[in-house]
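Coordinates as given in upload-v8.cif (mmCIF, C-alpha atoms):
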```
data_model
#
loop_
_atom_site.group_PDB
_atom_site.id
_atom_site.type_symbol
_atom_site.label_atom_id
_atom_site.label_comp_id
_atom_site.auth_asym_id
_atom_site.auth_seq_id
_atom_site.Cartn_x
_atom_site.Cartn_y
_atom_site.Cartn_z
ATOM 1 C CA MET A 1 19.004 -2.462 5.692
ATOM 2 C CA ALA A 2 15.533 -3.980 5.554
ATOM 3 C CA GLY A 3 13.095 -1.763 7.383
ATOM 4 C CA PHE A 4 14.753 1.491 6.329
ATOM 5 C CA SER A 5 13.898 3.779 3.454
ATOM 6 C CA ILE A 6 14.144 7.316 2.124
ATOM 7 C CA GLY A 7 10.717 8.848 1.686
ATOM 8 C CA SER A 8 9.683 10.006 -1.760
ATOM 9 C CA TRP A 9 8.783 13.338 -0.105
ATOM 10 C CA SER A 10 12.543 13.867 0.220
ATOM 11 C CA PHE A 11 12.579 14.237 -3.578
ATOM 12 C CA HIS A 12 9.638 16.650 -3.812
ATOM 13 C CA ALA A 13 11.756 19.536 -5.125
ATOM 14 C CA LEU A 14 13.150 17.366 -7.921
ATOM 15 C CA PHE A 15 9.633 16.100 -8.620
ATOM 16 C CA ALA A 16 8.261 19.636 -8.827
ATOM 17 C CA ALA A 17 11.078 20.538 -11.224
ATOM 18 C CA GLY A 18 10.219 17.590 -13.464
ATOM 19 C CA LYS A 19 13.565 15.896 -12.792
ATOM 20 C CA ILE A 20 12.216 12.719 -11.174
ATOM 21 C CA ASN A 21 8.960 10.776 -11.106
ATOM 22 C CA LEU A 22 7.673 7.903 -8.981
ATOM 23 C CA PHE A 23 9.373 5.291 -11.163
ATOM 24 C CA GLY A 24 12.667 7.177 -10.947
ATOM 25 C CA TYR A 25 12.272 7.263 -7.185
ATOM 26 C CA LEU A 26 11.711 3.504 -7.053
ATOM 27 C CA GLU A 27 14.750 2.938 -9.250
ATOM 28 C CA SER A 28 16.844 5.165 -6.969
ATOM 29 C CA ILE A 29 15.696 3.331 -3.855
ATOM 30 C CA LYS A 30 16.605 -0.018 -5.402
ATOM 31 C CA TYR A 31 19.833 0.696 -7.263
ATOM 32 C CA ARG A 32 21.288 3.909 -5.887
ATOM 33 C CA TYR A 33 20.513 3.467 -2.198
ATOM 34 C CA ARG A 34 20.253 -0.347 -2.276
ATOM 35 C CA LEU A 35 17.123 -0.478 -0.141
ATOM 36 C CA ASP A 36 14.093 -2.707 -0.501
ATOM 37 C CA GLN A 37 11.480 -0.544 1.220
ATOM 38 C CA ALA A 38 9.612 2.286 -0.536
ATOM 39 C CA ASP A 39 8.008 5.139 1.411
ATOM 40 C CA ILE A 40 5.615 6.677 -1.099
ATOM 41 C CA TRP A 41 3.995 10.120 -0.801
ATOM 42 C CA SER A 42 0.713 10.413 -2.718
ATOM 43 C CA GLY A 43 1.736 13.770 -4.170
ATOM 44 C CA MET A 44 4.154 11.945 -6.458
ATOM 45 C CA LEU A 45 1.420 9.884 -8.099
ATOM 46 C CA LEU A 46 0.478 11.176 -11.529
ATOM 47 C CA SER A 47 -2.830 9.310 -11.562
ATOM 48 C CA THR A 48 -5.039 6.963 -9.588
ATOM 49 C CA GLU A 49 -6.367 5.279 -12.725
ATOM 50 C CA ASP A 50 -6.129 1.490 -12.807
ATOM 51 C CA SER A 51 -3.493 1.402 -15.550
ATOM 52 C CA TYR A 52 -1.120 3.661 -13.600
ATOM 53 C CA ILE A 53 -1.667 1.927 -10.241
ATOM 54 C CA ASN A 54 -1.136 -1.456 -11.923
ATOM 55 C CA SER A 55 2.054 -0.186 -13.573
ATOM 56 C CA VAL A 56 3.436 0.880 -10.194
ATOM 57 C CA LYS A 57 2.498 -2.526 -8.767
ATOM 58 C CA GLU A 58 4.316 -4.273 -11.618
ATOM 59 C CA THR A 59 7.436 -2.207 -10.940
ATOM 60 C CA LEU A 60 7.295 -2.939 -7.212
ATOM 61 C CA ASP A 61 7.057 -6.654 -7.956
ATOM 62 C CA GLU A 62 9.788 -6.626 -10.610
ATOM 63 C CA GLU A 63 12.214 -4.809 -8.317
ATOM 64 C CA GLY A 64 11.295 -6.747 -5.175
ATOM 65 C CA LEU A 65 10.229 -3.598 -3.332
ATOM 66 C CA THR A 66 7.812 -3.395 -0.399
ATOM 67 C CA VAL A 67 5.715 -0.292 0.263
ATOM 68 C CA ALA A 68 6.571 0.315 3.898
ATOM 69 C CA CYS A 69 4.260 3.317 4.012
ATOM 70 C CA LEU A 70 1.870 5.101 1.665
ATOM 71 C CA SER A 71 1.335 8.681 2.885
ATOM 72 C CA VAL A 72 -1.831 10.335 1.608
ATOM 73 C CA ASP A 73 -2.485 14.063 1.407
ATOM 74 C CA GLY A 74 -6.009 15.390 1.010
ATOM 75 C CA ALA A 75 -7.850 12.534 2.706
ATOM 76 C CA ASP A 76 -8.010 14.047 6.203
ATOM 77 C CA ILE A 77 -10.885 12.796 8.325
ATOM 78 C CA TRP A 78 -11.926 16.158 9.711
ATOM 79 C CA HIS A 79 -12.680 19.336 7.800
ATOM 80 C CA ASP A 80 -14.966 22.146 8.908
ATOM 81 C CA ASP A 81 -16.826 21.921 5.598
ATOM 82 C CA PRO A 82 -18.998 18.757 5.491
ATOM 83 C CA ALA A 83 -18.773 18.618 1.687
ATOM 84 C CA ILE A 84 -14.977 18.532 1.833
ATOM 85 C CA ARG A 85 -15.148 15.916 4.592
ATOM 86 C CA GLU A 86 -17.123 13.727 2.216
ATOM 87 C CA GLN A 87 -14.657 14.330 -0.640
ATOM 88 C CA ASN A 88 -11.807 13.412 1.682
ATOM 89 C CA TYR A 89 -13.631 10.266 2.771
ATOM 90 C CA GLN A 90 -14.046 9.137 -0.829
ATOM 91 C CA LYS A 91 -10.343 9.768 -1.429
ATOM 92 C CA ALA A 92 -9.486 7.745 1.673
ATOM 93 C CA LEU A 93 -11.525 4.824 0.362
ATOM 94 C CA LEU A 94 -9.651 5.028 -2.936
ATOM 95 C CA TYR A 95 -6.257 4.948 -1.220
ATOM 96 C CA LEU A 96 -7.274 2.138 1.090
ATOM 97 C CA ASP A 97 -7.789 0.078 -2.050
ATOM 98 C CA ILE A 98 -4.486 1.256 -3.553
ATOM 99 C CA ALA A 99 -2.707 0.223 -0.339
ATOM 100 C CA ARG A 100 -4.347 -3.186 -0.658
ATOM 101 C CA ARG A 101 -3.322 -3.545 -4.289
ATOM 102 C CA TRP A 102 0.266 -2.522 -3.606
ATOM 103 C CA GLY A 103 0.593 -4.704 -0.515
ATOM 104 C CA ALA A 104 1.482 -1.672 1.603
ATOM 105 C CA LYS A 105 2.365 -2.223 5.253
ATOM 106 C CA ALA A 106 1.156 1.174 6.482
ATOM 107 C CA LEU A 107 -1.199 3.875 5.241
ATOM 108 C CA ARG A 108 -1.068 7.435 6.546
ATOM 109 C CA ILE A 109 -4.428 9.230 6.624
ATOM 110 C CA ASP A 110 -4.437 12.305 8.854
ATOM 111 C CA MET A 111 -6.967 13.379 11.449
ATOM 112 C CA GLY A 112 -7.224 16.884 9.969
ATOM 113 C CA VAL A 113 -7.378 18.754 13.281
ATOM 114 C CA ASN A 114 -5.221 21.871 13.211
ATOM 115 C CA SER A 115 -5.481 22.775 16.895
ATOM 116 C CA LEU A 116 -4.243 21.006 20.008
ATOM 117 C CA ALA A 117 -7.767 20.757 21.377
ATOM 118 C CA ILE A 118 -10.083 18.208 19.742
ATOM 119 C CA THR A 119 -13.829 18.714 20.067
ATOM 120 C CA ASP A 120 -16.196 15.862 20.849
ATOM 121 C CA GLU A 121 -17.611 16.061 17.308
ATOM 122 C CA GLN A 122 -14.152 15.805 15.794
ATOM 123 C CA PHE A 123 -13.103 13.003 18.120
ATOM 124 C CA ASN A 124 -16.192 10.909 17.458
ATOM 125 C CA LEU A 125 -15.778 11.175 13.688
ATOM 126 C CA ILE A 126 -12.060 10.430 13.880
ATOM 127 C CA VAL A 127 -12.679 7.285 15.935
ATOM 128 C CA MET A 128 -15.480 6.132 13.648
ATOM 129 C CA ARG A 129 -13.382 6.545 10.505
ATOM 130 C CA TYR A 130 -10.249 4.908 11.927
ATOM 131 C CA ARG A 131 -12.316 1.959 13.124
ATOM 132 C CA GLU A 132 -13.575 1.561 9.565
ATOM 133 C CA TYR A 133 -10.150 2.039 7.996
ATOM 134 C CA THR A 134 -8.339 -0.270 10.405
ATOM 135 C CA GLN A 135 -10.930 -2.988 9.894
ATOM 136 C CA PHE A 136 -10.166 -2.884 6.173
ATOM 137 C CA GLY A 137 -6.452 -2.723 6.912
ATOM 138 C CA GLN A 138 -6.620 -5.708 9.231
ATOM 139 C CA GLU A 139 -8.362 -7.707 6.523
ATOM 140 C CA HIS A 140 -5.627 -6.852 4.021
ATOM 141 C CA GLY A 141 -2.455 -6.813 6.073
ATOM 142 C CA PHE A 142 -1.712 -3.152 6.726
ATOM 143 C CA ARG A 143 -2.074 -0.551 9.468
ATOM 144 C CA VAL A 144 -3.684 2.893 9.240
ATOM 145 C CA GLY A 145 -3.312 6.123 11.177
ATOM 146 C CA PRO A 146 -2.178 9.743 11.248
ATOM 147 C CA GLN A 147 1.222 11.397 11.142
ATOM 148 C CA THR A 148 2.476 13.724 13.862
ATOM 149 C CA HIS A 149 2.610 16.796 11.640
ATOM 150 C CA GLN A 150 -0.736 18.493 12.323
ATOM 151 C CA ALA A 151 -1.389 20.302 15.599
ATOM 152 C CA GLY A 152 -4.018 17.841 16.805
ATOM 153 C CA SER A 153 -1.595 14.991 16.183
ATOM 154 C CA GLN A 154 1.312 16.741 17.880
ATOM 155 C CA SER A 155 -0.113 15.972 21.290
ATOM 156 C CA PRO A 156 0.790 12.423 22.321
ATOM 157 C CA GLN A 157 -2.155 12.411 24.744
ATOM 158 C CA ASN A 158 -4.545 13.057 21.841
ATOM 159 C CA LEU A 159 -3.048 10.163 19.905
ATOM 160 C CA LYS A 160 -3.175 7.804 22.863
ATOM 161 C CA ARG A 161 -6.815 8.707 23.442
ATOM 162 C CA VAL A 162 -7.656 7.972 19.803
ATOM 163 C CA SER A 163 -5.654 4.742 19.850
ATOM 164 C CA ASP A 164 -7.345 3.553 23.041
ATOM 165 C CA GLU A 165 -10.811 4.300 21.659
ATOM 166 C CA VAL A 166 -10.202 2.780 18.220
ATOM 167 C CA ALA A 167 -8.833 -0.291 20.000
ATOM 168 C CA SER A 168 -7.470 -2.014 16.908
ATOM 169 C CA PRO A 169 -4.081 -3.672 16.390
ATOM 170 C CA SER A 170 -4.197 -2.192 12.894
ATOM 171 C CA PHE A 171 -4.189 1.390 14.181
ATOM 172 C CA GLY A 172 -0.783 3.049 14.196
ATOM 173 C CA ILE A 173 0.883 6.397 13.715
ATOM 174 C CA VAL A 174 3.641 7.766 11.530
ATOM 175 C CA LEU A 175 5.957 9.322 14.084
ATOM 176 C CA ASN A 176 8.076 12.361 13.289
ATOM 177 C CA VAL A 177 10.565 11.752 16.060
ATOM 178 C CA ASN A 178 10.618 14.441 18.756
ATOM 179 C CA ARG A 179 8.167 16.806 17.017
ATOM 180 C CA TRP A 180 5.632 17.631 19.713
ATOM 181 C CA LEU A 181 3.632 20.702 20.717
ATOM 182 C CA ALA A 182 2.767 19.183 24.106
ATOM 183 C CA ASP A 183 4.396 16.674 26.471
ATOM 184 C CA LYS A 184 7.605 16.823 24.464
ATOM 185 C CA GLU A 185 9.655 15.000 27.080
ATOM 186 C CA ILE A 186 7.429 11.917 27.109
ATOM 187 C CA GLY A 187 5.882 12.059 23.638
ATOM 188 C CA ASP A 188 7.961 9.499 21.762
ATOM 189 C CA GLU A 189 7.817 7.010 24.641
ATOM 190 C CA LEU A 190 4.057 7.422 25.104
ATOM 191 C CA VAL A 191 3.221 6.669 21.471
ATOM 192 C CA SER A 192 5.867 3.998 20.882
ATOM 193 C CA PRO A 193 3.456 1.057 21.517
ATOM 194 C CA PHE A 194 1.314 2.103 18.528
ATOM 195 C CA THR A 195 3.939 3.593 16.218
ATOM 196 C CA MET A 196 3.892 1.803 12.858
ATOM 197 C CA HIS A 197 6.398 3.922 10.948
ATOM 198 C CA ALA A 198 8.931 6.534 12.063
ATOM 199 C CA GLN A 199 10.520 9.426 10.218
ATOM 200 C CA PHE A 200 13.838 10.879 11.302
ATOM 201 C CA ASP A 201 14.841 14.427 10.445
ATOM 202 C CA ARG A 202 18.341 15.481 9.461
ATOM 203 C CA ALA A 203 19.247 16.704 12.952
ATOM 204 C CA PHE A 204 18.458 13.256 14.320
ATOM 205 C CA VAL A 205 20.368 11.418 11.584
ATOM 206 C CA ASP A 206 23.375 13.739 11.980
ATOM 207 C CA PHE A 207 23.275 13.301 15.784
ATOM 208 C CA ALA A 208 22.923 17.057 16.113
ATOM 209 C CA GLY A 209 19.441 16.966 17.652
ATOM 210 C CA THR A 210 18.148 15.818 21.030
#
```
I need this file expressed as structure tokens, please.
Amino acid sequence: MAGFSIGSWSFHALFAAGKINLFGYLESIKYRYRLDQADIWSGMLLSTEDSYINSVKETLDEEGLTVACLSVDGADIWHDDPAIREQNYQKALLYLDIARRWGAKALRIDMGVNSLAITDEQFNLIVMRYREYTQFGQEHGFRVGPQTHQAGSQSPQNLKRVSDEVASPSFGIVLNVNRWLADKEIGDELVSPFTMHAQFDRAFVDFAGT
């Protein structure tokens, strides 16, 4: 089942209850579910210090696991407060390096726009940052882009516009299948050429959804 995984976000309730940590998740992926791809949510990391990041890397190598996607919260490109935008940018730079060190194949950093409409100021910053991030990603073998779980990213036309302007083979999105606020009928098809990682909800997996 190479290419498939169960995201560590799926274990967030157990994590919050102190019943699992990132290493327990990796062990479960390898030995309980017999998968070789990890889909790591940054909220499960206990630290970004070198010793912890290196320990995770050692475990990934020992267990023969690939980080299919590293999903980062709190590194959104846009925020109305310029000071928070700068903090988020510094966090993004940190996780770009973690993705490099872990050999990740995809890195999710969100646009941060919580409305369907994107202003010119927001768009210009988003394009500038993704050009920077994808250049780094291209140099180190991974793709970078947003997930379709914020309003601005739940319009496939917005995503296509960003993708066209960034114009990098290392730009991609994390697609929550069939979760659109606009152009729902054509959304998945429109973004499929630049989808790097897809997440299926339970209704899809159970064949109970569209």
Could you state which residues are captured by the PyMOL selection byres ((chain A and resi 196-202) around 10) in this file, as a ChimeraX atom specification?
/A:3-7,39,68-69,105-108,142-145,147-148,170-179,191-195,203-209
Exactly which residues make up the result of the PyMOL selection byres ((chain A and resi 100) around 12) on this file, given as an MDAnalysis selection string?
chainID A and resid 53:54 57 67 69:70 93:99 101:107 133 136:144
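If only C-alpha atoms are the atoms counted, then among A:Thr134, A:Gln37, A:Thr119, A:Asn124 the closest residue to Leu60 (chain A) is A:Gln37.
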First collect every listed atom of region 28-42 of chain A; then fit an axis-aligned box around them, widen it by 4 Å on each side, and give centre and edge lengths in Å to one decimal, as JSON.
```
{"center_x": 11.0, "center_y": 3.9, "center_z": -2.9, "size_x": 28.6, "size_y": 21.1, "size_z": 16.7}
```
Cut-off 7 Å around (-5.5, 14.9, 13.2) with only C-alpha atoms: residues as JSON, numbers by chain:
{"A": [110, 111, 112, 113, 114, 146, 150, 152, 153]}
Atom pair CA of Leu46 (chain A) / CA of Ile29 (chain A): separation (Å):
18.8 Å
Could you expand the PyMOL selection byres ((chain A and resi 79) around 12) into the explicit residues it covers here, written as a PDB file with C-alpha atoms, keeping the file's coordinate frame?
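The new file selection_32.pdb reads:
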```pdb
ATOM      1  CA  GLY A  74      -6.009  15.390   1.010  1.00  0.00           C
ATOM      2  CA  ALA A  75      -7.850  12.534   2.706  1.00  0.00           C
ATOM      3  CA  ASP A  76      -8.010  14.047   6.203  1.00  0.00           C
ATOM      4  CA  ILE A  77     -10.885  12.796   8.325  1.00  0.00           C
ATOM      5  CA  TRP A  78     -11.926  16.158   9.711  1.00  0.00           C
ATOM      6  CA  ASP A  80     -14.966  22.146   8.908  1.00  0.00           C
ATOM      7  CA  ASP A  81     -16.826  21.921   5.598  1.00  0.00           C
ATOM      8  CA  PRO A  82     -18.998  18.757   5.491  1.00  0.00           C
ATOM      9  CA  ALA A  83     -18.773  18.618   1.687  1.00  0.00           C
ATOM     10  CA  ILE A  84     -14.977  18.532   1.833  1.00  0.00           C
ATOM     11  CA  ARG A  85     -15.148  15.916   4.592  1.00  0.00           C
ATOM     12  CA  GLU A  86     -17.123  13.727   2.216  1.00  0.00           C
ATOM     13  CA  GLN A  87     -14.657  14.330  -0.640  1.00  0.00           C
ATOM     14  CA  ASN A  88     -11.807  13.412   1.682  1.00  0.00           C
ATOM     15  CA  TYR A  89     -13.631  10.266   2.771  1.00  0.00           C
ATOM     16  CA  ASP A 110      -4.437  12.305   8.854  1.00  0.00           C
ATOM     17  CA  MET A 111      -6.967  13.379  11.449  1.00  0.00           C
ATOM     18  CA  GLY A 112      -7.224  16.884   9.969  1.00  0.00           C
ATOM     19  CA  VAL A 113      -7.378  18.754  13.281  1.00  0.00           C
ATOM     20  CA  ASN A 114      -5.221  21.871  13.211  1.00  0.00           C
ATOM     21  CA  GLU A 121     -17.611  16.061  17.308  1.00  0.00           C
ATOM     22  CA  GLN A 122     -14.152  15.805  15.794  1.00  0.00           C
ATOM     23  CA  LEU A 125     -15.778  11.175  13.688  1.00  0.00           C
ATOM     24  CA  ILE A 126     -12.060  10.430  13.880  1.00  0.00           C
TER      25      ILE A 126
END
```
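Residues within 12 Å of Leu14 (chain A), counting only C-alpha atoms and excluding same-chain residues fewer than 6 positions away, are Ser8, Ile20, Asn21, Leu22, Gly24, Tyr25 and Met44 of chain A.
Considering only C-alpha atoms, the residue among A:Ser168, A:Ser47, A:Ser28, A:Ser55 positioned nearest to Phe11 (chain A) is A:Ser28.
Compared by their closest atoms to Val72 (chain A), and using all atoms listed in the file, the residues A:Gln154, A:Ser42, A:Gln135, A:Ser115 rank with A:Ser42 nearest.
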Counting all atoms listed in the file, figure out which residue out of A:Glu132, A:Asp50, A:Leu190, A:Ala151 gets nearest to Val166 (chain A).
A:Glu132
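Residue nearest Asp73 (chain A), chosen from A:Ala167, A:Val162, A:Ala17, A:Ile109 and counting only C-alpha atoms: A:Ile109.
As for CA of Leu181 (chain A) and CA of Trp9 (chain A), they are spaced 22.7 Å apart.
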